[in-house]
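Notes for the one structure printed next.
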Amino acid sequence: MRRVKTTCAYCGVGCGIVTTPTGERSAKIRGDESHPANFGRLCSKGTHLGETIALEGRLLHPEVGSRQVGWDAALQAVADGFKATIAQHGPDSVAFYVSGQLLTEDYYVANKLMKGFIGSGNIDTNSRLCMASAVAAHNRAFGEDVVPCSYSDLEEADLILLLGSNTAWCHPVIWQRIEAAREQRGTKLVVIDPRRTETAERADLHLPIAPDSDVALFNGLLREMKSRWQLDGAYLAQHVSVPEGFWELETVDVAKVCELSQAQLDAFYDLFAETPRTVTLFSQGANQSVSGTDKGNAIINLHLATGRIGKPGAGPFSITGQPNAMGGREVGGLASMLAAHMGFSDAERDCAQRFWQSPTICPGPGLKAVDMFNAVADGRIKAIWVMATNPAVSMPDANAVRAALAACPLVVVSDCIGDTDTTAFAHIKLPALGWGEKDGTVTNSERRISRQRGFLEAPGDAKPDWWIVSEVAKRMGWVDGFSYPNAAAIFREYAAQTGFENGGARLLDISDKDGISDADYDAMQPFLWGGTSPLASGRFSTPDGKARLVPVRYQARDDGALDYPLRLNTGRYRDQWHTMTRTGLSPKLSQHRREPLVEVHPDMVARFGLDDGGLAMVETGQGKSVFRVASTDNQRRRDLFVPMHWTDQTSGGGRTGLLPAQDRDPVSGQPGFKNTPATVRTWLPRWTGFLVSRAMPAIPACTYWTRVRTAHGWLVELAGDSEPDALLSLLPAGDRAEVSDSKRGIMRAAVVAGGQLQGALFVARDGGLPPRDWLVDQLGGEKASSLELLAGRPVTPQADQGPIVCVCFDVGMKTILETIRAETLTSVEAVGAALNAGTNCGSCRPAIARMLETERSPAYA
Ligand SMILES: Nc1nc2c(c(=O)[nH]1)N[C@H]1C(S)=C(S)[C@@H](COP(=O)(O)OP(=O)(O)OC[C@H]3O[C@@H](n4cnc5c(=O)[nH]c(N)nc54)[C@H](O)[C@@H]3O)O[C@H]1N2
Ligand SMILES: Nc1nc2c(c(=O)[nH]1)N[C@H]1C(S)=C(S)[C@@H](COP(=O)(O)OP(=O)(O)OC[C@H]3O[C@@H](n4cnc5c(=O)[nH]c(N)nc54)[C@H](O)[C@@H]3O)O[C@H]1N2
Ligand code: SF4
Ligand SMILES: [Mo]
């Protein structure tokens, strides 16, 4: 079988992968040693991509009004719908909402169609929820959306500040590179994050700052560097334009605002003053904030003023989340940019229109994501096309988005998966090729353009997104602009656009690739546009060539009503990706966190009368959801943390997206997902229970449920107030053994067929339920006796592993802790030697390090 080199489907690290097909829908996956992003490393998500490429759940045929149709009918229906809406209500009555999971070629044609041919700016991307604030900060400071760093800077720095980034979980291979560099050169690490994450745990200094106090911290640091004569006067004089009054820096009490001690601040200031080679890596703790753009500029101000930019091992480094978030920024996927890093001046619009030879050009920026869905809600937008994103889950105030989609006359959704929370609202569903099938380019966090290559046959009728968009464009009458034979042709056109009348005005210029042959495109090696350090020359894309310091002020947040005394922070788990449409297919990845947890400080667990391990209702001004309580002092006292991943397909009650408000940054329009006034109260259902099943069980009718995949089937957690008898219908067919005691509120049933356990249900009023792991294993093993099955445990008890930490080798927390104690292990390597844990992808190494730390720490002795 043919080996194919491609790029990972998931995060913005952009790791290279070598795939070797092992069957029609299966492949061996390993890291590409020659790829400069990862040099062979892969994290847990990349490692287990092979578990996600079967056809389960795939959307394989176009559907119009739930009826399967051929492509021609579907494409014509989309074209007619958009054309009629535009004819009647004008170009701004339609919109595209796209995604950083599209390839650059897909993105390019979608943007060209909307801005150049339909003539509206109404194309925005889920990157609006992701790094729009970093883009705005770059534009304000550099005159262009240019990331000044590359990964090698992390290896050449002496100090790395991680601001609002859980790197160990969300950019694990960058994390592994940082850890390797620390080992070699003793790089100091400061983590600025309200939570003590596994990333923070490994830092030399963790600053658990109050949510959204980052601007005060960085202004404070800048003020301190000025007073210590640590600014770079020469760099400032030559390369930076300083607005009048800039140095009248604000004088808030940093320790008080950030809720840090003066000793913590002094340690931070000293470290920074002592260590010129500094990279500040920032992610969603910066961007997803109502002051996200100011946070970005506070960071950039500091780097400009101290001359720590454009040099090896120094710079402000915003990292992207999705595999092609950066590509979308380049081709104009954001409503606030035109294309190829151009804005909306008359000259730029004219330039784009002439390049595209298009009939029209949008008059200005379009609606940004939140405004776009509000315009759908109030009827200004009457037709929307959603591609490669799941806004019914991932937008803030997601229930409002659902109401908007439900009321919209035309909703088109292109996705790989048939049933998502968003396709539920589609009038037309279009089957897209997914990872492993599609072909094109992506740009990672360091501006590296890599090829994604297909290695699987296109399943069913699924087609590339660029093809779908182009075919609709042709049917709307624009045959000439959209007759592309392949992705390579689109890439050539995009490359040409970056150079068209550029004349050095914009750093993004890959026009040397505008004549690349199909064969060379197929063989194209990963390359960095702008080189390793695009701002090294000290020339910026502003009219006077100088960077800008941007005055920013800390904005105290109104704490809201007394009803919501806590702050809700939301984010990611190590082994799940967004709305779980892919990672949710992997039994391995589903082991790490089987349920959505609300993490709460122990004091608040006591104050709010919560039950650690029980269920709780989190409520905000937008709605409420149920989560399992995890008491932990990794949280600050007033903060709650919940994961963004669960949906209506995977849970009842545990959905996070409906909780955050629409509040957004005034410059970038990015919503503040991480700081929503909230409260929590215990939720005591009449009964709790769980189900294991070989076949995928139907969606249960009860208040709370979550459904995850296991090695041989499914595990469903259940809780509710209604009569539990109805749950029996969730069990598959077969011989059913059953015990129930309605007085004690116990119901247990096990179904066996063909000598094999098919499913088992356990319900209890008092919470007395057996552990899950043994029953989960029984779905794959020889049948245990009915007595054992109904007891939920074997006659000879099995050791309880605890939650799985290492998903590559299935090693649980209890096993690791017991081995650390029994063999007095002191290093991650020693644990690896004893148990294999952490020796494959390495994603669990921070967790093992944390356990070693806990064992050493006298507080736990
Ligand atoms: N496993 C996994 N990895 C992923 C993804 C995934 O879904 N799963 N998604 C990818 C995508 S698209 C993205 S955008 C990235 C996101 O990557 P990250 O930004 O690292 O992830 P988050 O968990 O969203 O948030 C990061 C941290 O910001 C902290 N934070 C919250 N509020 C503040 C604040 O006011 N100040 C500071 N300084 N910090 C704060 C949170 O406590 C959290 O630990 O991850 C990418 N990688
Ligand atoms: N509460 C809260 N909400 C958040 C965040 C948060 O931290 N907290 N983070 C935000 C961020 S940073 C992001 S990036 C978003 C992510 O949120 P979403 O973009 O909504 O999440 P995904 O699950 O990645 O959705 C991608 C969809 O595209 C489909 N898909 C995958 N590949 C392709 C393809 O090639 N073509 C097509 N047509 N479809 C494809 C998948 O099946 C899936 O349905 O969530 C945002 N929402
Ligand atoms: S760090 Fe992990 S998820 Fe991100 S690109 Fe690499 S293998 Fe994929
Ligand atoms: Mo993101």
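Letters A, B, ... go to the chains of the structure tokens in the order shown; residues in each chain start at 1; ligands are counted from 1 in the same order.
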
Surrounding residues as a list in words, ligand 3, max 8 Å, only C-alpha atoms and all ligand atoms: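 The residues near ligand 3 are Thr7, Cys8, Ala9, Tyr10, Cys11, Gly12, Val13, Gly14, Cys15, Gly16, Gly31, Asn38, Arg41, Leu42, Cys43, Ser44, Lys45, Gly46, Thr47, Cys170, His171, Pro172, Val173, Ile174 and Pro323 of chain A.
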
To check your reading of the model: which residues sit at most 7 Å from ligand 4 when counting only C-alpha atoms and all ligand atoms? Write the answer as a VMD selection string. chain A and resid 127 129 to 130 320 to 322

I need the residues of segment 556-695 of chain A that end up classed as helix (DSSP H, G or I) by DSSP on the backbone, written out as a list in words.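 So, restricting segment 556-695 of chain A to helix (DSSP H, G or I), we get Thr583, Gly584, Leu585, Leu589, Ser590, Gln591, Pro602, Asp603, Met604, Val605, Ala606 and Arg607 of chain A.
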
Saved selection, atoms kept: C-alpha atoms, as a PDB file, in the first residue's frame:
ATOM      1  CA  THR A 583     -12.638  12.565  18.391  1.00  0.00           C
ATOM      2  CA  GLY A 584     -15.955  11.249  19.740  1.00  0.00           C
ATOM      3  CA  LEU A 585     -15.589   8.343  17.310  1.00  0.00           C
ATOM      4  CA  LEU A 589      -9.677   9.294  23.105  1.00  0.00           C
ATOM      5  CA  SER A 590     -13.017   8.951  24.883  1.00  0.00           C
ATOM      6  CA  GLN A 591     -11.363   7.393  27.925  1.00  0.00           C
ATOM      7  CA  PRO A 602     -13.591  23.087  47.388  1.00  0.00           C
ATOM      8  CA  ASP A 603     -14.681  26.197  49.321  1.00  0.00           C
ATOM      9  CA  MET A 604     -17.416  26.808  46.814  1.00  0.00           C
ATOM     10  CA  VAL A 605     -18.387  23.149  46.808  1.00  0.00           C
ATOM     11  CA  ALA A 606     -19.056  23.641  50.509  1.00  0.00           C
ATOM     12  CA  ARG A 607     -20.600  27.111  50.185  1.00  0.00           C
TER      13      ARG A 607
END

Distance query segment 312-314 of chain A at most 6 Å, only C-alpha atoms, self and fewer than 4 positions along chain excluded, as a PyMOL selection string: chain A and resi 153+156-157+277-279+308

Close residues, Val472 of chain A itself excluded, 8 Å, only C-alpha atoms, min 5 positions apart in chain, as an NGL selection string: :A and (75-76 or 78-79)

Restricting the output to N, CA, C and O atoms, write the selected residues as an mmCIF file, in the first residue's frame.
data_model
loop_
_atom_site.group_PDB
_atom_site.id
_atom_site.type_symbol
_atom_site.label_atom_id
_atom_site.label_comp_id
_atom_site.auth_asym_id
_atom_site.auth_seq_id
_atom_site.Cartn_x
_atom_site.Cartn_y
_atom_site.Cartn_z
ATOM 1 N N LEU A 75 -27.267 21.264 -5.925
ATOM 2 C CA LEU A 75 -26.521 22.483 -6.259
ATOM 3 C C LEU A 75 -27.456 23.532 -6.856
ATOM 4 O O LEU A 75 -27.368 24.728 -6.551
ATOM 5 N N GLN A 76 -28.377 23.065 -7.715
ATOM 6 C CA GLN A 76 -29.328 23.990 -8.322
ATOM 7 C C GLN A 76 -30.222 24.606 -7.246
ATOM 8 O O GLN A 76 -30.522 25.807 -7.280
ATOM 9 N N VAL A 78 -29.467 25.185 -4.112
ATOM 10 C CA VAL A 78 -28.705 26.198 -3.373
ATOM 11 C C VAL A 78 -28.587 27.467 -4.230
ATOM 12 O O VAL A 78 -28.865 28.585 -3.769
ATOM 13 N N ALA A 79 -28.194 27.292 -5.492
ATOM 14 C CA ALA A 79 -28.006 28.451 -6.376
ATOM 15 C C ALA A 79 -29.317 29.215 -6.537
ATOM 16 O O ALA A 79 -29.341 30.448 -6.418
#

Please identify the residues whose atoms come within 7 Å of ligand 1, using only C-alpha atoms and all ligand atoms, and report them as an MDAnalysis selection string. chainID A and resid 11:12 130 163:167 169:171 192:195 197 209:214 283:286 320:322 569:578 674:675

Give me, as a PyMOL selection string, the set of residues whose atoms come within 7 Å of any atom of ligand 2, counting only C-alpha atoms and all ligand atoms. chain A and resi 99+101-102+126-127+129-130+284+321-322+387-391+393-396+414-417+420+432-435+438+465+570-572+577-582+644+656-657+660+673-674

In Å, with one decimal, what is the gap from atom CA of Gln756 of chain A to atom CA of Lys783 of chain A?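 Atom CA of Lys783 of chain A lies 5.1 Å from atom CA of Gln756 of chain A.
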
Could you check which of A:Thr104, A:His601, A:Val795, A:Arg664 is closest to Thr443 of chain A, using only C-alpha atoms?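 Nearest candidate to Thr443 of chain A out of A:Thr104, A:His601, A:Val795, A:Arg664: A:Thr104.
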
How many Å lie between atom CA of Asp397 of chain A and atom CA of Asn374 of chain A, rounded to one decimal? 10.8 Å
